file input.txt (compact mmCIF, C-alpha atoms)
# COMPACT_ATOMS: atom_id res chain seq x y z
CA MET O 31 -3.83 -17.13 -26.90
CA GLY O 32 -7.38 -15.98 -26.25
CA LYS O 33 -8.27 -19.58 -25.39
CA ILE O 34 -6.28 -19.37 -22.16
CA SER O 35 -8.38 -16.42 -21.03
CA LEU O 36 -11.56 -18.22 -21.99
CA PHE O 37 -10.86 -21.34 -19.95
CA ALA O 38 -8.99 -19.77 -17.04
CA LEU O 39 -11.90 -18.47 -14.99
CA PRO O 40 -14.19 -21.52 -15.18
CA LEU O 41 -11.22 -23.72 -14.31
CA ILE O 42 -10.27 -21.57 -11.31
CA VAL O 43 -13.84 -21.68 -9.99
CA LEU O 44 -14.05 -25.44 -10.58
CA PHE O 45 -10.77 -25.99 -8.77
CA ILE O 46 -11.80 -23.91 -5.75
CA ILE O 47 -15.07 -25.84 -5.40
CA ILE O 48 -13.48 -29.27 -5.82
CA TYR O 49 -10.75 -28.40 -3.32
CA GLY O 50 -13.40 -27.20 -0.86
CA PHE O 51 -15.30 -30.50 -1.20
CA LYS O 52 -12.10 -32.48 -0.80
CA LYS O 53 -11.24 -30.71 2.45
CA LYS O 54 -14.83 -31.21 3.64
CA ILE O 55 -15.44 -27.59 4.62
CA ASN O 56 -18.84 -25.94 4.55
CA ILE O 57 -18.40 -24.22 1.21
CA TYR O 58 -21.76 -22.46 1.13
CA ASP O 59 -21.20 -20.80 4.52
CA ALA O 60 -17.68 -19.85 3.53
CA PHE O 61 -18.98 -18.25 0.33
CA LEU O 62 -21.55 -16.20 2.27
CA ASP O 63 -18.88 -15.00 4.73
CA GLY O 64 -16.65 -13.91 1.90
CA ALA O 65 -19.46 -12.31 -0.09
CA LYS O 66 -20.40 -10.23 2.94
CA GLU O 67 -16.81 -9.13 3.22
CA GLY O 68 -16.90 -8.19 -0.47
CA ALA O 69 -19.92 -5.96 0.10
CA ILE O 70 -18.17 -4.27 3.04
CA THR O 71 -15.00 -3.72 1.00
CA THR O 72 -17.06 -2.02 -1.70
CA PHE O 73 -18.21 0.57 0.79
CA LYS O 74 -14.70 1.01 2.12
CA ILE O 75 -13.41 2.01 -1.32
CA LEU O 76 -16.42 4.20 -2.14
CA PRO O 77 -15.06 7.52 -0.75
CA ASN O 78 -11.65 7.05 -2.35
CA LEU O 79 -13.14 6.20 -5.72
CA PHE O 80 -15.44 9.24 -5.67
CA ALA O 81 -12.61 11.55 -4.62
CA MET O 82 -10.32 10.27 -7.35
CA VAL O 83 -12.89 10.38 -10.16
CA PHE O 84 -13.96 13.90 -9.13
CA ALA O 85 -10.44 15.36 -9.35
CA VAL O 86 -9.41 13.38 -12.42
CA ASN O 87 -12.54 14.26 -14.40
CA ILE O 88 -12.14 17.97 -13.68
CA LEU O 89 -8.51 17.89 -14.81
CA VAL O 90 -9.25 15.88 -17.95
CA ARG O 91 -12.26 17.99 -18.93
CA SER O 92 -10.38 21.28 -18.58
CA GLY O 93 -8.23 20.25 -21.54
CA PHE O 94 -5.10 21.21 -19.63
CA ILE O 95 -3.16 18.04 -20.39
CA ASN O 96 -3.95 18.22 -24.11
CA ASP O 97 -2.69 21.81 -24.34
CA ALA O 98 0.15 21.83 -21.81
CA PHE O 99 2.28 19.35 -23.65
CA ASP O 100 1.53 20.58 -27.16
CA PHE O 101 5.08 21.91 -27.40
CA LEU O 102 6.23 18.31 -27.74
CA SER O 103 4.42 17.98 -31.07
CA THR O 104 7.20 19.53 -33.19
CA PHE O 105 9.58 17.04 -31.64
CA LEU O 106 7.22 14.14 -32.40
CA ASN O 107 6.66 15.27 -35.98
CA ARG O 108 10.30 14.52 -36.69
CA PHE O 109 9.53 10.86 -36.03
CA ASN O 110 6.40 10.86 -38.19
CA LEU O 111 4.20 10.89 -35.10
CA THR O 112 1.41 13.34 -34.46
CA SER O 113 0.45 15.11 -31.27
CA ASP O 114 -2.57 12.82 -30.81
CA ILE O 115 -0.35 10.43 -28.89
CA ILE O 116 0.70 13.03 -26.26
CA PRO O 117 -2.44 13.06 -24.08
CA MET O 118 -2.35 9.26 -24.01
CA CYS O 119 1.14 9.31 -22.48
CA PHE O 120 0.26 11.82 -19.80
CA LEU O 121 -3.15 10.41 -18.96
CA ARG O 122 -2.09 6.76 -18.79
CA SER O 123 -1.30 6.90 -15.06
CA ILE O 124 -4.28 9.10 -14.22
CA SER O 125 -7.33 7.77 -16.03
CA GLY O 126 -7.60 4.38 -17.72
CA ASN O 127 -11.01 5.14 -19.20
CA SER O 128 -9.76 8.35 -20.83
CA THR O 129 -6.83 6.63 -22.48
CA LEU O 130 -9.12 3.85 -23.70
CA VAL O 131 -11.28 6.49 -25.41
CA LEU O 132 -8.18 8.19 -26.84
CA MET O 133 -6.94 4.85 -28.14
CA ILE O 134 -10.23 4.24 -29.94
CA GLU O 135 -10.07 7.76 -31.42
CA ILE O 136 -6.59 7.03 -32.73
CA PHE O 137 -7.86 3.74 -34.19
CA ASN O 138 -10.64 5.59 -35.98
CA LYS O 139 -8.36 8.33 -37.29
CA TYR O 140 -5.27 6.35 -38.32
CA GLY O 141 -6.45 2.70 -38.23
CA PRO O 142 -5.59 0.11 -35.57
CA ASP O 143 -2.78 -1.37 -37.68
CA SER O 144 -1.11 1.97 -38.47
CA PHE O 145 2.06 2.96 -36.63
CA MET O 146 0.03 5.34 -34.45
CA GLY O 147 -2.56 2.63 -33.77
CA LEU O 148 0.07 0.11 -32.76
CA LEU O 149 1.80 2.66 -30.55
CA ALA O 150 -1.46 3.59 -28.84
CA SER O 151 -2.26 -0.11 -28.24
CA THR O 152 1.16 -0.74 -26.73
CA ILE O 153 1.04 2.33 -24.48
CA GLN O 154 -2.38 1.24 -23.26
CA GLY O 155 -1.00 -2.23 -22.51
CA SER O 156 2.28 -1.08 -21.00
CA SER O 157 0.91 -0.32 -17.55
CA ASP O 158 -2.15 0.08 -15.39
CA THR O 159 -3.71 3.27 -14.01
CA THR O 160 -1.53 4.11 -11.00
CA PHE O 161 -3.87 6.67 -9.41
CA TYR O 162 -6.81 4.29 -9.62
CA VAL O 163 -4.87 1.35 -8.18
CA ILE O 164 -3.60 3.45 -5.26
CA ALA O 165 -7.09 4.81 -4.51
CA LEU O 166 -8.57 1.32 -4.66
CA TYR O 167 -5.94 -0.74 -2.85
CA PHE O 168 -4.96 1.72 -0.15
CA GLY O 169 -8.54 2.95 0.25
CA SER O 170 -9.79 -0.55 1.00
CA ILE O 171 -7.54 -0.87 4.07
CA GLY O 172 -7.61 2.75 5.23
CA ILE O 173 -4.02 3.68 4.36
CA THR O 174 -3.69 7.46 4.17
CA LYS O 175 0.12 7.76 4.13
CA SER O 176 1.08 6.23 0.78
CA ARG O 177 4.78 7.17 1.26
CA TYR O 178 6.76 6.58 -1.94
CA ALA O 179 4.05 4.49 -3.63
CA LEU O 180 3.03 7.22 -6.09
CA PRO O 181 6.53 8.15 -7.35
CA ALA O 182 7.45 4.46 -7.66
CA GLY O 183 4.22 3.68 -9.54
CA LEU O 184 4.63 6.70 -11.83
CA PHE O 185 8.22 5.76 -12.55
CA ALA O 186 7.04 2.30 -13.61
CA ASP O 187 4.48 3.90 -15.96
CA PHE O 188 7.16 6.20 -17.36
CA CYS O 189 9.44 3.23 -18.13
CA GLY O 190 6.54 1.47 -19.84
CA ILE O 191 5.73 4.45 -22.08
CA ILE O 192 9.34 5.08 -23.11
CA ALA O 193 9.68 1.36 -23.81
CA SER O 194 6.49 1.46 -25.94
CA PHE O 195 7.97 4.11 -28.25
CA ILE O 196 11.22 2.21 -28.64
CA LEU O 197 9.62 -1.23 -29.05
CA VAL O 198 6.99 -0.17 -31.58
CA SER O 199 9.73 1.55 -33.62
CA ILE O 200 11.82 -1.62 -33.56
CA PHE O 201 8.96 -4.02 -34.33
CA PHE O 202 6.84 -1.98 -36.72
CA GLY O 203 9.00 0.99 -37.80
CA SER O 204 9.57 1.36 -41.51
CA MET W 119 1.83 13.28 -1.79
CA VAL W 120 -1.61 12.09 -2.95
CA ASN W 121 -3.03 14.93 -0.87
CA ILE W 122 -1.16 17.59 -2.84
CA ILE W 123 -1.74 16.00 -6.23
CA TRP W 124 -5.46 15.60 -5.61
CA GLY W 125 -5.73 19.31 -4.81
CA LEU W 126 -3.56 20.29 -7.75
CA PHE W 127 -5.73 18.34 -10.19
CA ILE W 128 -8.79 20.30 -9.11
CA LEU W 129 -7.00 23.66 -8.93
CA ILE W 130 -5.35 23.33 -12.32
CA GLY W 131 -8.53 21.97 -13.89
CA ILE W 132 -10.79 24.78 -12.70
CA ILE W 133 -8.35 27.64 -13.23
CA TYR W 134 -7.43 26.40 -16.71
CA ALA W 135 -11.09 26.08 -17.61
CA PHE W 136 -11.66 29.70 -16.49
CA LEU W 137 -8.81 30.82 -18.73
CA ASN W 138 -9.96 29.03 -21.86
CA GLY W 139 -13.71 29.47 -21.39
CA ASN W 140 -14.35 25.76 -20.90
CA ILE W 141 -16.28 26.36 -17.71
CA SER W 142 -19.54 24.68 -18.70
CA ASP W 143 -17.68 21.37 -19.03
CA ILE W 144 -16.35 21.81 -15.50
CA ASN W 145 -19.84 22.53 -14.19
CA PHE W 146 -20.95 19.31 -15.78
CA GLU W 147 -18.14 17.33 -14.14
CA ILE W 148 -18.72 18.83 -10.70
CA LEU W 149 -22.32 17.69 -10.86
CA GLU W 150 -21.94 14.48 -12.81
CA SER W 151 -18.53 12.99 -11.93
CA GLY W 152 -20.16 11.20 -9.02
CA LYS W 153 -22.14 9.20 -11.51
CA SER W 154 -18.98 7.99 -13.28
CA ALA W 155 -17.57 7.03 -9.89
CA LEU W 156 -20.75 5.18 -9.07
CA ASN W 157 -20.62 3.35 -12.39
CA LEU W 158 -17.06 2.33 -11.61
CA LEU W 159 -18.17 1.10 -8.22
CA LEU W 160 -21.07 -0.80 -9.77
CA ASP W 161 -18.56 -2.47 -12.10
CA ILE W 162 -16.40 -3.55 -9.17
CA MET W 163 -18.99 -4.48 -6.57
CA PRO W 164 -20.45 -7.63 -8.18
CA LEU W 165 -16.93 -8.91 -8.80
CA LEU W 166 -15.92 -8.24 -5.21
CA VAL W 167 -18.94 -10.00 -3.76
CA ILE W 168 -18.64 -13.10 -5.95
CA TRP W 169 -14.86 -13.42 -5.84
CA MET W 170 -14.45 -12.69 -2.16
CA GLY W 171 -17.02 -15.43 -1.63
CA LEU W 172 -15.02 -17.87 -3.74
CA MET W 173 -11.78 -16.76 -2.12
CA GLN W 174 -13.19 -17.45 1.31
CA ILE W 175 -13.77 -21.05 0.23
CA ALA W 176 -10.21 -21.18 -1.05
CA GLU W 177 -8.91 -19.74 2.21
CA LYS W 178 -10.95 -21.99 4.52
CA SER W 179 -10.00 -25.08 2.56
CA GLY W 180 -6.32 -24.21 2.85
CA LEU W 181 -5.84 -23.63 -0.86
CA ILE W 182 -4.50 -20.10 -0.38
CA ASN W 183 -1.99 -21.39 2.18
CA LYS W 184 -0.91 -24.04 -0.24
CA ILE W 185 -0.33 -21.50 -3.02
CA ALA W 186 1.54 -19.32 -0.51
CA HIS W 187 3.74 -22.26 0.43
CA LEU W 188 4.47 -23.10 -3.20
CA MET W 189 5.27 -19.51 -4.14
CA THR W 190 7.28 -18.59 -1.04
CA PRO W 191 10.70 -19.38 -2.60
CA ILE W 192 10.00 -16.99 -5.51
CA LEU W 193 8.02 -14.26 -3.78
CA SER W 194 10.11 -14.01 -0.62
CA LYS W 195 12.85 -12.39 -2.73
CA LEU W 196 10.43 -9.64 -3.76
CA PHE W 197 8.75 -9.40 -0.37
CA PRO W 198 11.42 -10.07 2.26
CA SER W 199 9.28 -8.54 5.01
CA ILE W 200 6.39 -11.04 4.66
CA PRO W 201 6.80 -14.15 6.83
CA LYS W 202 7.29 -17.47 5.04
CA ASP W 203 4.07 -19.26 3.95
CA HIS W 204 1.94 -16.26 4.99
CA GLU W 205 -1.51 -16.11 3.39
CA ALA W 206 -0.70 -12.71 1.87
CA LEU W 207 1.78 -14.46 -0.42
CA GLY W 208 -0.97 -16.82 -1.62
CA TYR W 209 -3.19 -13.89 -2.57
CA ILE W 210 -0.31 -11.98 -4.15
CA ALA W 211 0.60 -15.02 -6.28
CA SER W 212 -3.02 -15.53 -7.35
CA ASN W 213 -3.38 -11.83 -8.19
CA ILE W 214 -0.26 -11.85 -10.36
CA ALA W 215 -1.30 -15.07 -12.15
CA ILE W 216 -4.80 -13.80 -12.95
CA ASN W 217 -3.44 -10.42 -14.07
CA MET W 218 -1.02 -12.16 -16.42
CA ALA W 219 -3.86 -14.11 -18.01
CA GLY W 220 -5.43 -10.76 -18.92
CA LEU W 221 -8.33 -11.14 -16.50
CA GLY W 222 -7.60 -7.84 -14.77
CA SER W 223 -11.03 -7.34 -13.23
CA ALA W 224 -11.05 -10.77 -11.60
CA ALA W 225 -7.56 -10.07 -10.25
CA THR W 226 -8.67 -6.99 -8.30
CA PRO W 227 -10.46 -8.89 -5.48
CA PHE W 228 -7.33 -11.02 -4.95
CA GLY W 229 -5.26 -7.84 -4.81
CA LEU W 230 -7.58 -6.25 -2.25
CA LYS W 231 -7.47 -9.42 -0.17
CA ALA W 232 -3.67 -9.43 -0.35
CA MET W 233 -3.66 -5.84 0.91
CA GLU W 234 -5.94 -6.83 3.77
CA LYS W 235 -3.52 -9.58 4.80
CA LEU W 236 -0.58 -7.19 4.50
CA GLN W 237 -2.42 -4.73 6.72
CA GLU W 238 -2.52 -7.41 9.45
CA LEU W 239 1.29 -7.34 9.43
CA ASN W 240 1.36 -3.54 9.58
CA ASN W 241 2.22 -1.79 12.85
CA ASN W 242 1.08 1.65 11.75
CA LYS W 243 -2.36 1.10 10.19
CA LYS W 244 -2.40 4.51 8.47
CA SER W 245 0.96 4.22 6.75
CA ALA W 246 1.83 1.93 3.84
CA THR W 247 4.45 -0.76 4.44
CA SER W 248 7.24 -1.48 1.99
CA ALA W 249 5.62 -4.81 1.05
CA MET W 250 2.38 -2.98 0.21
CA ILE W 251 4.22 -0.56 -2.03
CA THR W 252 6.12 -3.34 -3.82
CA PHE W 253 2.83 -5.11 -4.45
CA LEU W 254 1.25 -1.87 -5.62
CA VAL W 255 4.09 -1.26 -8.07
CA LEU W 256 3.62 -4.79 -9.44
CA ASN W 257 -0.04 -3.99 -10.01
CA THR W 258 0.31 -0.51 -11.49
CA SER W 259 2.96 -1.71 -13.90
CA GLY W 260 0.28 -4.09 -15.15
CA VAL W 261 2.01 -7.43 -15.70
CA THR W 262 -0.21 -8.75 -18.51
CA ILE W 263 0.53 -11.47 -21.04
CA ILE W 264 -2.76 -11.29 -22.92
CA PRO W 265 -4.15 -7.73 -23.11
CA THR W 266 -7.75 -8.87 -23.66
CA THR W 267 -9.43 -5.44 -23.70
CA ILE W 268 -6.97 -3.99 -26.19
CA ILE W 269 -7.25 -6.99 -28.51
CA SER W 270 -11.05 -6.89 -28.52
CA LEU W 271 -11.06 -3.12 -29.20
CA ARG W 272 -8.58 -3.57 -32.04
CA LEU W 273 -10.79 -6.26 -33.49
CA ALA W 274 -13.84 -4.02 -33.19
CA SER W 275 -11.96 -1.22 -35.00
CA GLY W 276 -11.34 -3.50 -37.98
CA SER W 277 -7.75 -4.57 -37.34
CA ILE W 278 -6.49 -7.25 -39.74
CA ASN W 279 -4.22 -8.64 -37.05
CA PRO W 280 -5.52 -7.65 -33.60
CA THR W 281 -3.02 -9.81 -31.70
CA MET W 282 0.10 -8.38 -33.37
CA VAL W 283 0.60 -6.02 -30.43
CA ILE W 284 0.96 -8.85 -27.92
CA PRO W 285 4.79 -8.99 -28.15
CA THR W 286 5.23 -5.23 -27.81
CA CYS W 287 2.71 -5.11 -24.95
CA ILE W 288 4.46 -7.93 -23.07
CA LEU W 289 7.88 -6.34 -23.50
CA ALA W 290 6.64 -2.84 -22.61
CA THR W 291 4.90 -4.05 -19.47
CA THR W 292 8.04 -6.01 -18.57
CA CYS W 293 10.12 -2.82 -18.84
CA SER W 294 7.57 -1.02 -16.72
CA THR W 295 7.63 -3.76 -14.07
CA ILE W 296 11.42 -3.97 -13.99
CA GLY W 297 11.71 -0.18 -13.81
CA GLY W 298 9.16 0.01 -11.00
CA LEU W 299 10.67 -2.83 -8.97
CA THR W 300 14.16 -1.38 -9.38
CA ILE W 301 13.21 2.06 -8.09
CA ASP W 302 11.21 0.40 -5.30
CA TYR W 303 14.26 -1.67 -4.33
CA LEU W 304 16.56 1.36 -4.40
CA ILE W 305 14.21 3.45 -2.25
CA ARG W 306 13.80 0.61 0.23
CA ARG W 307 17.55 0.21 0.49
CA LYS W 308 18.01 3.94 0.99
CA HIS W 309 15.50 3.85 3.82
CA GLY W 310 17.30 0.85 5.25
CA GLU W 311 14.16 -1.29 5.15
CA ASN W 312 13.53 -4.80 4.01

call {"tool": "encode", "arguments": {"input": "input.txt", "output": "structure tokens"}}
result
Amino acid sequence: MGKISLFALPLIVLFIIIYGFKKKINIYDAFLDGAKEGAITTFKILPNLFAMVFAVNILVRSGFINDAFDFLSTFLNRFNLTSDIIPMCFLRSISGNSTLVLMIEIFNKYGPDSFMGLLASTIQGSSDTTFYVIALYFGSIGITKSRYALPAGLFADFCGIIASFILVSIFFGS
Amino acid sequence: MVNIIWGLFILIGIIYAFLNGNISDINFEILESGKSALNLLLDIMPLLVIWMGLMQIAEKSGLINKIAHLMTPILSKLFPSIPKDHEALGYIASNIAINMAGLGSAATPFGLKAMEKLQELNNNKKSATSAMITFLVLNTSGVTIIPTTIISLRLASGSINPTMVIPTCILATTCSTIGGLTIDYLIRRKHGEN
């Protein structure tokens, strides 16, 4: 499986270059045009990225999410799960880096092949960081009215997390 | 919506830190969070420059149009408001394909380019179109077949079978995508939009 990932990028690049030669376009000039656009896009997303990281880091550091949903731990204990999984669920949509760190902590504490480790891996893989994607994608084109994008994105994340619990129980539950 | 949530994050964070005496951590974040944002930007920028360069070759040579043409039958169901064979569809298709291969960071430039093309179709440049939101939902639900980062971290943590989570990850992300697209479809229909 990993082989596909290894070969994919070089093959894509190769294909783009060959296709450019075949169509006899000036590929070097085209690359420079695009690269310039890439630099401009970076600066377009800069304010959004800073705003998002600022708010997210303050919320995460305050410890609010870890404590606010602690009441769920008695419920989780019934299913042989510990409260370590709770912040992962609530941070998944907000901060991808935080959940990656939490996942590694769970690996270290319970082992990557334990039920908790498998659940953490699946939750991490179930969706992407909605807040980050919105900041990045809408920021790059100057959209300020995101309309129903956030609720729809969060609902997708929610489905992914619920599915993770069910699927890991089915596949790896004792 | 984002406006309120952004403010709430900061309000809750600071007030909660006052209550539990965590305030030195908050001081640190106020001063240092810019650095994490800058690091994030430094991670993205090289990819954007290189890939937007390559994508420009693909666009000039007509490759993106060709992908758009090939994918129109499938994608036009998801994006009824995008005209047939439009370049945006080519970028959307490429973004989805690269995401599926687990090359998330290389997919981002294609996604940004797709958004740029969708913005050309937008009448109100400040407000997101339904096609943009559908595409965003596809991206946030993270359609991934090979979760490369997770597998490598599992391996690093001493997993005996790092790839054993691939099936659960694929199925979970499928549920997330289906859930997201369903709610997106229902909202669009309620608003009477395409």

call {"tool": "atom_distance", "arguments": {"input": "input.txt", "atom1": "atom CA of O:Tyr162", "atom2": "atom CA of W:Gln174"}}
result
25.2 Å

call {"tool": "atom_distance", "arguments": {"input": "input.txt", "atom1": "atom CA of W:Arg306", "atom2": "atom CA of W:Ser248"}}
result
7.1 Å

call {"tool": "closest_residue", "arguments": {"input": "input.txt", "among": "W:Met282, W:Cys293, W:Ala155, W:Met233", "to": "O:Asn127", "atoms": "all atoms listed in the file"}}
result
W:Ala155

call {"tool": "residues_around", "arguments": {"input": "input.txt", "residues": "W:Asn213", "least_positions_apart": "2", "cutoff": "9 Å", "atoms": "only C-alpha atoms", "output": "VMD selection string"}}
result
chain W and resid 208 to 211 215 to 218 222 224 to 229 232 257

call {"tool": "interface_residues", "arguments": {"input": "input.txt", "of": "chain O", "to": "chain W", "cutoff": "6 Å", "atoms": "all atoms listed in the file", "output": "PDB file with C-alpha atoms, in the frame of the given file"}}
result
ATOM      1  CA  SER O  35      -8.380 -16.420 -21.030  1.00  0.00           C
ATOM      2  CA  ILE O  46     -11.800 -23.910  -5.750  1.00  0.00           C
ATOM      3  CA  GLY O  50     -13.400 -27.200  -0.860  1.00  0.00           C
ATOM      4  CA  LYS O  53     -11.240 -30.710   2.450  1.00  0.00           C
ATOM      5  CA  ILE O  57     -18.400 -24.220   1.210  1.00  0.00           C
ATOM      6  CA  ALA O  60     -17.680 -19.850   3.530  1.00  0.00           C
ATOM      7  CA  PHE O  61     -18.980 -18.250   0.330  1.00  0.00           C
ATOM      8  CA  GLY O  64     -16.650 -13.910   1.900  1.00  0.00           C
ATOM      9  CA  ALA O  65     -19.460 -12.310  -0.090  1.00  0.00           C
ATOM     10  CA  GLY O  68     -16.900  -8.190  -0.470  1.00  0.00           C
ATOM     11  CA  ALA O  69     -19.920  -5.960   0.100  1.00  0.00           C
ATOM     12  CA  THR O  72     -17.060  -2.020  -1.700  1.00  0.00           C
ATOM     13  CA  PHE O  80     -15.440   9.240  -5.670  1.00  0.00           C
ATOM     14  CA  VAL O  83     -12.890  10.380 -10.160  1.00  0.00           C
ATOM     15  CA  PHE O  84     -13.960  13.900  -9.130  1.00  0.00           C
ATOM     16  CA  ALA O  85     -10.440  15.360  -9.350  1.00  0.00           C
ATOM     17  CA  ILE O  88     -12.140  17.970 -13.680  1.00  0.00           C
ATOM     18  CA  LEU O  89      -8.510  17.890 -14.810  1.00  0.00           C
ATOM     19  CA  SER O  92     -10.380  21.280 -18.580  1.00  0.00           C
ATOM     20  CA  PRO O 142      -5.590   0.110 -35.570  1.00  0.00           C
ATOM     21  CA  ASP O 143      -2.780  -1.370 -37.680  1.00  0.00           C
ATOM     22  CA  THR O 152       1.160  -0.740 -26.730  1.00  0.00           C
ATOM     23  CA  GLY O 155      -1.000  -2.230 -22.510  1.00  0.00           C
ATOM     24  CA  SER O 156       2.280  -1.080 -21.000  1.00  0.00           C
ATOM     25  CA  SER O 157       0.910  -0.320 -17.550  1.00  0.00           C
ATOM     26  CA  ASP O 158      -2.150   0.080 -15.390  1.00  0.00           C
ATOM     27  CA  THR O 160      -1.530   4.110 -11.000  1.00  0.00           C
ATOM     28  CA  TYR O 167      -5.940  -0.740  -2.850  1.00  0.00           C
ATOM     29  CA  ILE O 173      -4.020   3.680   4.360  1.00  0.00           C
ATOM     30  CA  THR O 174      -3.690   7.460   4.170  1.00  0.00           C
ATOM     31  CA  LYS O 175       0.120   7.760   4.130  1.00  0.00           C
ATOM     32  CA  SER O 176       1.080   6.230   0.780  1.00  0.00           C
ATOM     33  CA  ALA O 179       4.050   4.490  -3.630  1.00  0.00           C
ATOM     34  CA  ALA O 182       7.450   4.460  -7.660  1.00  0.00           C
ATOM     35  CA  GLY O 183       4.220   3.680  -9.540  1.00  0.00           C
ATOM     36  CA  ALA O 186       7.040   2.300 -13.610  1.00  0.00           C
ATOM     37  CA  ASP O 187       4.480   3.900 -15.960  1.00  0.00           C
ATOM     38  CA  CYS O 189       9.440   3.230 -18.130  1.00  0.00           C
ATOM     39  CA  GLY O 190       6.540   1.470 -19.840  1.00  0.00           C
ATOM     40  CA  ALA O 193       9.680   1.360 -23.810  1.00  0.00           C
ATOM     41  CA  SER O 194       6.490   1.460 -25.940  1.00  0.00           C
TER      42      SER O 194
END

call {"tool": "atom_distance", "arguments": {"input": "input.txt", "atom1": "atom CA of O:Met82", "atom2": "atom CA of O:Phe161"}}
result
7.7 Å

call {"tool": "residues_around", "arguments": {"input": "input.txt", "residues": "O:Phe145", "least_positions_apart": "3", "cutoff": "10 Å", "atoms": "all atoms listed in the file", "output": "PyMOL selection string"}}
result
chain O and resi 110-111+140-142+148-151+198-199+202-204

call {"tool": "residues_around", "arguments": {"input": "input.txt", "residues": "stretch 129-131 of chain O", "least_positions_apart": "2", "cutoff": "10 Å", "atoms": "only C-alpha atoms", "output": "list in words"}}
result
Ile115, Pro117, Met118, Cys119, Phe120, Leu121, Arg122, Ser123, Ile124, Ser125, Gly126, Asn127, Met133, Ile134, Glu135, Ile136, Phe137, Ala150, Ser151, Ile153, Gln154 and Thr159 of chain O; Thr267, Ile268 and Leu271 of chain W

call {"tool": "residues_around", "arguments": {"input": "input.txt", "residues": "W:Lys202", "least_positions_apart": "3", "cutoff": "10 Å", "atoms": "only C-alpha atoms", "output": "PyMOL selection string"}}
result
chain W and resi 186-187+189-191+193-194+197-199+205-207

call {"tool": "build_atoms", "arguments": {"input": "input.txt", "residues": "stretch 204-219 of chain W", "atoms": "N, CA and C atoms", "output": "compact mmCIF listing (two decimals), keeping the file's coordinate frame"}}
result
# COMPACT_ATOMS: atom_id res chain seq x y z
N HIS W 204 3.05 -17.11 4.55
CA HIS W 204 1.94 -16.26 4.99
C HIS W 204 0.87 -16.20 3.91
N GLU W 205 -0.40 -16.13 4.35
CA GLU W 205 -1.51 -16.11 3.39
C GLU W 205 -1.41 -14.96 2.37
N ALA W 206 -0.84 -13.84 2.80
CA ALA W 206 -0.70 -12.71 1.87
C ALA W 206 0.02 -13.14 0.60
N LEU W 207 1.03 -14.00 0.75
CA LEU W 207 1.78 -14.46 -0.42
C LEU W 207 0.90 -15.26 -1.36
N GLY W 208 -0.04 -16.04 -0.80
CA GLY W 208 -0.97 -16.82 -1.62
C GLY W 208 -1.85 -15.91 -2.46
N TYR W 209 -2.35 -14.84 -1.83
CA TYR W 209 -3.19 -13.89 -2.57
C TYR W 209 -2.38 -13.11 -3.59
N ILE W 210 -1.16 -12.73 -3.22
CA ILE W 210 -0.31 -11.98 -4.15
C ILE W 210 -0.04 -12.84 -5.39
N ALA W 211 0.31 -14.12 -5.15
CA ALA W 211 0.60 -15.02 -6.28
C ALA W 211 -0.62 -15.18 -7.17
N SER W 212 -1.80 -15.37 -6.56
CA SER W 212 -3.02 -15.53 -7.35
C SER W 212 -3.31 -14.26 -8.15
N ASN W 213 -3.13 -13.10 -7.51
CA ASN W 213 -3.38 -11.83 -8.19
C ASN W 213 -2.48 -11.68 -9.41
N ILE W 214 -1.21 -11.99 -9.25
CA ILE W 214 -0.26 -11.85 -10.36
C ILE W 214 -0.65 -12.81 -11.50
N ALA W 215 -0.98 -14.07 -11.13
CA ALA W 215 -1.30 -15.07 -12.15
C ALA W 215 -2.53 -14.66 -12.95
N ILE W 216 -3.56 -14.17 -12.26
CA ILE W 216 -4.80 -13.80 -12.95
C ILE W 216 -4.59 -12.55 -13.80
N ASN W 217 -3.78 -11.61 -13.29
CA ASN W 217 -3.44 -10.42 -14.07
C ASN W 217 -2.73 -10.80 -15.35
N MET W 218 -1.79 -11.74 -15.26
CA MET W 218 -1.02 -12.16 -16.42
C MET W 218 -1.92 -12.75 -17.49
N ALA W 219 -2.95 -13.48 -17.06
CA ALA W 219 -3.86 -14.11 -18.01
C ALA W 219 -4.77 -13.08 -18.68
